[in-house]
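Heads up, the thing below is written out as structure tokens.
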Amino acid sequence: MVPVFDDWHSVPPEWTGGVVALGNFDGVHHGHQALLAHARAKASELGAPLLAFTFEPHPRGFFVPDTGPFRLTLAPAKTRLLAEHGVKAVLAQHFDAAFAALAASSFIEDVLVKGLRARHVVCGYDFTFGARRSGNVEMLRAEGKARGFDVSVLDPVTHEGEIYSSTRIREALRHGWAREAAGLLGHQWEIEGQVELGDQRGRTIGFPTANVALGEHLRPRFGVYAVRALVDGQWRNGVANLGKRPTFGKLQENFEVHLFDFAGDLYGKVLRVALIDFIRAEMKFSGLDQLKAQIAADGERARAILAA
């Protein structure tokens with residue numbers, strides 16, 4: 001696992017003096033991957049470390065705290081994906097009132113130049129920084145030239161005329177379009193959370209489920225999905241229900257994962273669950289018999305999807 005630092009002051013000297021990739025990187029989608037590939041090439045060219053500079057919590061969550069869950073990737077998943085694309089260390093800068101108030105000029109002079117000793121900075125065309133987003137890529141380029149570091153600004157990455165963006169991926173997931181989201185991301189979209197103790201109703205009807213904490217993940221369309229879950233290093237097929245279980249009247253959000261042909265104890269473990277395809281919308285059933293029949297049908301449908 002790559003080292004992660006939560007403040008620019010705490011980055012050790014061995015991770016400074018290199019290439020800094022700037023961005024929120026929520027989802028680490030195709031656009032982010034192009035930026036990281038460019039940064040990786042620059043780091044190789046310079047024989048220097050590649051550091052990803054991102055923010056925790058996401059600035060949107062800081063400025064609009066009641067916005068509701070919207071994250072595509074929480075910190076552990078984001079770090080893992082960044083590492084898969086060549087990042088050697090991550091600065092997940094703690095985003096608080098003090099950092100939000102930092103002037104754009106101070107971000108460049110104190111953080112990038114004095115703190116990180118950046119030799120090359122890579123960012124997207126729409127990157128902004130500093131208090132009230134007063135800094136932009138034009139300022140970064142000009143200041144870099146004056147202060148001795150190079151700047152690469154990447155144009156938007158498009159597919160069939162559409163820009164790859166975290167916003168577009170969130171929209172796809174809210175429609176239940178798991179396959180489209182995966183295509184935009186370049187990898188399956190996952191919910192990663194600890195398995196919590198539920199009401200164990202699934203066991204009583206023959207379909208034991210793992211109740212996975214949703215945390216700050218975006219809520220995709222409620223309903224049933226074909227999924228794969230990583231258990232002890234092995235991906236296992238399954239079916240999952242995301243929703244409020246209207247049949248039981250609790251109306252509390254749950255993400256319940258049933259793994260096929262699995263009988264192990266998952267309580268307390270952190271599970272990565274990839275949404276593969278949407279099967280059906282959430283439904284209210286007249287009784288347990290109808291529910292059991294539908295769950296069995298959902299399972300067969302999920303098996304067929306995953307086999308294909």
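Identifiers in the structure tokens: chain A, B, ... in order shown; residue index from 1 per chain; ligand index from 1 in order shown.
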Can you build me a table of region 23-141 of chain A residues sitting at most 10 Å from region 158-174 of chain A, with the closest atom pair per residue and its distance in Å to one decimal, using only C-alpha atoms, sorted by chain and residue number, as JSON lines?
{"residue": "A:Asn24", "atom": "CA", "partner": "A:Ser166", "partner_atom": "CA", "distance": 9.9}
{"residue": "A:Phe25", "atom": "CA", "partner": "A:Ser166", "partner_atom": "CA", "distance": 8.5}
{"residue": "A:Asp26", "atom": "CA", "partner": "A:Ser166", "partner_atom": "CA", "distance": 6.5}
{"residue": "A:Gly27", "atom": "CA", "partner": "A:Ser166", "partner_atom": "CA", "distance": 6.5}
{"residue": "A:Val28", "atom": "CA", "partner": "A:Ser166", "partner_atom": "CA", "distance": 8.6}
{"residue": "A:His29", "atom": "CA", "partner": "A:Tyr164", "partner_atom": "CA", "distance": 7.2}
{"residue": "A:His30", "atom": "CA", "partner": "A:Tyr164", "partner_atom": "CA", "distance": 6.4}
{"residue": "A:Gly31", "atom": "CA", "partner": "A:Tyr164", "partner_atom": "CA", "distance": 5.6}
{"residue": "A:His32", "atom": "CA", "partner": "A:Tyr164", "partner_atom": "CA", "distance": 8.7}
{"residue": "A:Phe70", "atom": "CA", "partner": "A:Arg170", "partner_atom": "CA", "distance": 7.6}
{"residue": "A:Arg71", "atom": "CA", "partner": "A:Arg170", "partner_atom": "CA", "distance": 8.6}
{"residue": "A:Leu72", "atom": "CA", "partner": "A:Arg170", "partner_atom": "CA", "distance": 7.4}
- Item | Residue contacts of region 123-130 of chain A (7 Å, only C-alpha atoms) excluding same-chain residues fewer than 3 positions away, as a ChimeraX atom specification | /A:21-23,35,100,102-104,107,133-137,152-156
Using N, CA, C and O atoms, can you write the selected residues to a file as a short mmCIF file (atom, residue, chain, number, x, y, z; two decimals), in the first residue's frame?
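Contents of the output file again21.cif:
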data_model
loop_
_atom_site.label_atom_id
_atom_site.label_comp_id
_atom_site.auth_asym_id
_atom_site.auth_seq_id
_atom_site.Cartn_x
_atom_site.Cartn_y
_atom_site.Cartn_z
N ALA A 21 0.39 15.41 -9.03
CA ALA A 21 -0.87 15.32 -9.78
C ALA A 21 -1.98 15.88 -8.90
O ALA A 21 -2.24 15.35 -7.82
N LEU A 22 -2.62 16.95 -9.35
CA LEU A 22 -3.62 17.66 -8.55
C LEU A 22 -5.04 17.29 -8.97
O LEU A 22 -5.34 17.25 -10.16
N GLY A 23 -5.92 17.03 -7.99
CA GLY A 23 -7.32 16.80 -8.32
C GLY A 23 -8.06 16.10 -7.20
O GLY A 23 -7.45 15.57 -6.27
N LEU A 35 -4.80 11.77 -16.95
CA LEU A 35 -3.98 12.72 -16.21
C LEU A 35 -2.85 12.00 -15.47
O LEU A 35 -1.69 12.42 -15.50
N ALA A 100 -9.34 25.88 3.49
CA ALA A 100 -10.26 26.52 2.54
C ALA A 100 -9.98 28.01 2.43
O ALA A 100 -10.24 28.63 1.39
N LEU A 102 -7.00 29.40 2.57
CA LEU A 102 -5.65 29.64 2.06
C LEU A 102 -5.73 30.38 0.73
O LEU A 102 -6.43 29.95 -0.19
N ALA A 103 -5.01 31.48 0.62
CA ALA A 103 -5.00 32.25 -0.62
C ALA A 103 -4.37 31.43 -1.75
O ALA A 103 -3.50 30.59 -1.51
N ALA A 104 -4.80 31.68 -2.98
CA ALA A 104 -4.26 30.95 -4.12
C ALA A 104 -2.75 31.13 -4.23
O ALA A 104 -2.01 30.19 -4.52
N PHE A 107 -1.12 28.90 -1.72
CA PHE A 107 -1.16 27.50 -2.15
C PHE A 107 0.04 27.20 -3.04
O PHE A 107 0.70 26.17 -2.91
N ARG A 133 -11.94 29.84 -4.74
CA ARG A 133 -11.53 29.33 -6.06
C ARG A 133 -10.90 30.41 -6.91
O ARG A 133 -11.12 30.49 -8.13
N SER A 134 -10.10 31.26 -6.28
CA SER A 134 -9.53 32.40 -6.98
C SER A 134 -8.36 32.02 -7.89
O SER A 134 -7.95 32.81 -8.75
N GLY A 135 -7.81 30.81 -7.71
CA GLY A 135 -6.72 30.37 -8.56
C GLY A 135 -7.20 29.44 -9.66
O GLY A 135 -8.10 28.62 -9.44
N ASN A 136 -6.63 29.59 -10.85
CA ASN A 136 -7.01 28.72 -11.98
C ASN A 136 -5.75 28.26 -12.72
O ASN A 136 -4.62 28.57 -12.32
N VAL A 137 -5.93 27.54 -13.80
CA VAL A 137 -4.78 26.96 -14.49
C VAL A 137 -3.89 28.02 -15.13
O VAL A 137 -2.68 27.84 -15.24
N SER A 152 1.60 20.99 -16.56
CA SER A 152 0.86 20.38 -17.66
C SER A 152 -0.62 20.46 -17.34
O SER A 152 -1.04 20.03 -16.26
N VAL A 153 -1.39 21.02 -18.24
CA VAL A 153 -2.84 21.12 -18.07
C VAL A 153 -3.49 20.22 -19.11
O VAL A 153 -3.31 20.45 -20.33
N LEU A 154 -4.21 19.21 -18.67
CA LEU A 154 -4.80 18.26 -19.62
C LEU A 154 -6.18 18.71 -20.08
O LEU A 154 -7.01 19.15 -19.27
N ASP A 155 -6.41 18.61 -21.36
CA ASP A 155 -7.72 18.89 -21.93
C ASP A 155 -8.71 17.81 -21.49
O ASP A 155 -8.31 16.71 -21.09
N PRO A 156 -10.00 18.11 -21.57
CA PRO A 156 -10.98 17.08 -21.19
C PRO A 156 -10.85 15.83 -22.06
O PRO A 156 -10.56 15.93 -23.26
#
- Exercise: region 266-280 of chain A partners within 9 Å, only C-alpha atoms, chain neighbours under 3 positions left out, as an MDAnalysis selection string: chainID A and resid 176:179 182 188:197 210:212 221:231 240 257 283 298 301:302 305:306
- Query: Taking the backbone alone, and naming residues the way the document does, which bits of region 94-221 of chain A are alpha helix (DSSP H) by DSSP, as an MDAnalysis selection string?
  - Reply: chainID A and resid 97:100 104:106 137:147 166:174 178:185 201:204
If you keep N, CA and C atoms, can you produce a file of those selected residues as a compact mmCIF listing (two decimals), in the first residue's frame?
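This is the output file again_3.txt:
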# COMPACT_ATOMS: atom_id res chain seq x y z
N ALA A 97 -11.57 24.53 7.48
CA ALA A 97 -11.77 25.96 7.29
C ALA A 97 -10.45 26.68 7.03
N ALA A 98 -9.38 26.25 7.73
CA ALA A 98 -8.09 26.91 7.55
C ALA A 98 -7.55 26.69 6.14
N PHE A 99 -7.65 25.44 5.64
CA PHE A 99 -7.14 25.18 4.29
C PHE A 99 -8.02 25.86 3.24
N ALA A 100 -9.34 25.88 3.49
CA ALA A 100 -10.26 26.52 2.54
C ALA A 100 -9.98 28.01 2.43
N ALA A 104 -4.80 31.68 -2.98
CA ALA A 104 -4.26 30.95 -4.12
C ALA A 104 -2.75 31.13 -4.23
N SER A 105 -2.28 32.33 -3.96
CA SER A 105 -0.83 32.58 -4.02
C SER A 105 -0.08 31.79 -2.96
N SER A 106 -0.70 31.63 -1.78
CA SER A 106 -0.07 30.84 -0.71
C SER A 106 -0.07 29.36 -1.05
N VAL A 137 -5.93 27.54 -13.80
CA VAL A 137 -4.78 26.96 -14.49
C VAL A 137 -3.89 28.02 -15.13
N GLU A 138 -4.49 29.14 -15.56
CA GLU A 138 -3.68 30.20 -16.15
C GLU A 138 -2.74 30.78 -15.09
N MET A 139 -3.25 30.98 -13.90
CA MET A 139 -2.41 31.49 -12.80
C MET A 139 -1.33 30.48 -12.45
N LEU A 140 -1.71 29.20 -12.43
CA LEU A 140 -0.74 28.15 -12.08
C LEU A 140 0.40 28.11 -13.10
N ARG A 141 0.05 28.21 -14.37
CA ARG A 141 1.08 28.23 -15.43
C ARG A 141 2.03 29.42 -15.26
N ALA A 142 1.45 30.60 -15.05
CA ALA A 142 2.27 31.81 -14.95
C ALA A 142 3.17 31.76 -13.72
N GLU A 143 2.61 31.33 -12.60
CA GLU A 143 3.40 31.27 -11.37
C GLU A 143 4.45 30.16 -11.44
N GLY A 144 4.12 29.09 -12.11
CA GLY A 144 5.09 28.01 -12.28
C GLY A 144 6.30 28.49 -13.06
N LYS A 145 6.02 29.23 -14.12
CA LYS A 145 7.11 29.76 -14.95
C LYS A 145 8.00 30.69 -14.13
N ALA A 146 7.37 31.48 -13.25
CA ALA A 146 8.12 32.44 -12.45
C ALA A 146 8.89 31.77 -11.32
N ARG A 147 8.37 30.63 -10.83
CA ARG A 147 8.95 30.00 -9.65
C ARG A 147 9.72 28.71 -9.94
N SER A 166 -17.02 12.82 -13.15
CA SER A 166 -17.64 12.19 -11.97
C SER A 166 -19.14 12.48 -11.95
N THR A 167 -19.53 13.67 -12.40
CA THR A 167 -20.95 14.04 -12.42
C THR A 167 -21.74 13.11 -13.33
N ARG A 168 -21.19 12.82 -14.50
CA ARG A 168 -21.89 11.93 -15.45
C ARG A 168 -22.00 10.52 -14.88
N ILE A 169 -20.99 10.07 -14.17
CA ILE A 169 -21.01 8.73 -13.58
C ILE A 169 -22.05 8.65 -12.46
N ARG A 170 -22.12 9.71 -11.66
CA ARG A 170 -23.14 9.73 -10.60
C ARG A 170 -24.55 9.65 -11.20
N GLU A 171 -24.73 10.38 -12.29
CA GLU A 171 -26.03 10.38 -12.98
C GLU A 171 -26.38 8.96 -13.46
N ALA A 172 -25.41 8.28 -14.04
CA ALA A 172 -25.64 6.91 -14.53
C ALA A 172 -26.04 5.99 -13.37
N LEU A 173 -25.34 6.09 -12.26
CA LEU A 173 -25.63 5.22 -11.11
C LEU A 173 -27.00 5.53 -10.51
N ARG A 174 -27.38 6.79 -10.51
CA ARG A 174 -28.70 7.14 -9.96
C ARG A 174 -29.83 6.59 -10.83
N ALA A 178 -25.44 0.45 -14.09
CA ALA A 178 -24.15 0.02 -13.55
C ALA A 178 -23.14 -0.26 -14.66
N ARG A 179 -23.59 -0.84 -15.75
CA ARG A 179 -22.66 -1.13 -16.86
C ARG A 179 -22.14 0.15 -17.50
N GLU A 180 -23.02 1.13 -17.68
CA GLU A 180 -22.58 2.40 -18.27
C GLU A 180 -21.60 3.09 -17.34
N ALA A 181 -21.87 3.06 -16.05
CA ALA A 181 -20.96 3.67 -15.07
C ALA A 181 -19.59 3.00 -15.14
N ALA A 182 -19.57 1.68 -15.25
CA ALA A 182 -18.30 0.96 -15.34
C ALA A 182 -17.54 1.36 -16.60
N GLY A 183 -18.26 1.56 -17.69
CA GLY A 183 -17.61 1.99 -18.93
C GLY A 183 -16.99 3.37 -18.81
N LEU A 184 -17.68 4.26 -18.10
CA LEU A 184 -17.16 5.62 -17.90
C LEU A 184 -15.99 5.64 -16.93
N LEU A 185 -16.04 4.74 -15.95
CA LEU A 185 -14.99 4.67 -14.94
C LEU A 185 -13.73 3.97 -15.45
N ARG A 201 -33.00 -11.46 9.17
CA ARG A 201 -34.23 -12.02 8.61
C ARG A 201 -33.92 -12.92 7.41
N GLY A 202 -32.85 -12.56 6.66
CA GLY A 202 -32.52 -13.35 5.48
C GLY A 202 -32.25 -14.81 5.81
N ARG A 203 -31.63 -15.06 6.97
CA ARG A 203 -31.33 -16.44 7.37
C ARG A 203 -32.60 -17.25 7.56
N THR A 204 -33.62 -16.58 8.09
CA THR A 204 -34.86 -17.30 8.41
C THR A 204 -35.63 -17.71 7.17
- Using the chain letters and numbers from this document, which residues of region 179-305 of chain A does DSSP assign to strand (DSSP E or B), as a PyMOL selection string? chain A and resi 189-196+210-212+217+223-231+234-243+254-259+270-281
- Query: Taking only C-alpha atoms into account, which of A:Lys292, A:His187, A:Arg236, A:Arg219 comes nearest Glu84 (chain A)?
  - Reply: A:His187
- Nearby residues (only C-alpha atoms) at most 9 Å from Gly68 (chain A), same-chain spacing under 4 positions excluded, as a list of chain:residue names: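 Close residues of Gly68 (chain A): A:Gly61, A:Val64, A:Glu216, A:Leu218.
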- Record the distance separating CA of Asp6 (chain A) and CA of Lys42 (chain A), expressed in Å with one decimal. 24.2 Å
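Look at Gly299 (chain A): the protein and nucleic acid residues within 9 Å of it, using only C-alpha atoms and passing over chain neighbours fewer than 6 places away, are A:Ala226, A:Gly238, A:Val239, A:His258, A:Phe260.
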- Select, from A:Gly115, A:Pro76, A:Pro3, A:Gly17, the residue with the minimum atom-to-atom distance to Val90 (chain A), counting only C-alpha atoms.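 Among the listed residues, the smallest separation from Val90 (chain A) belongs to A:Pro3.
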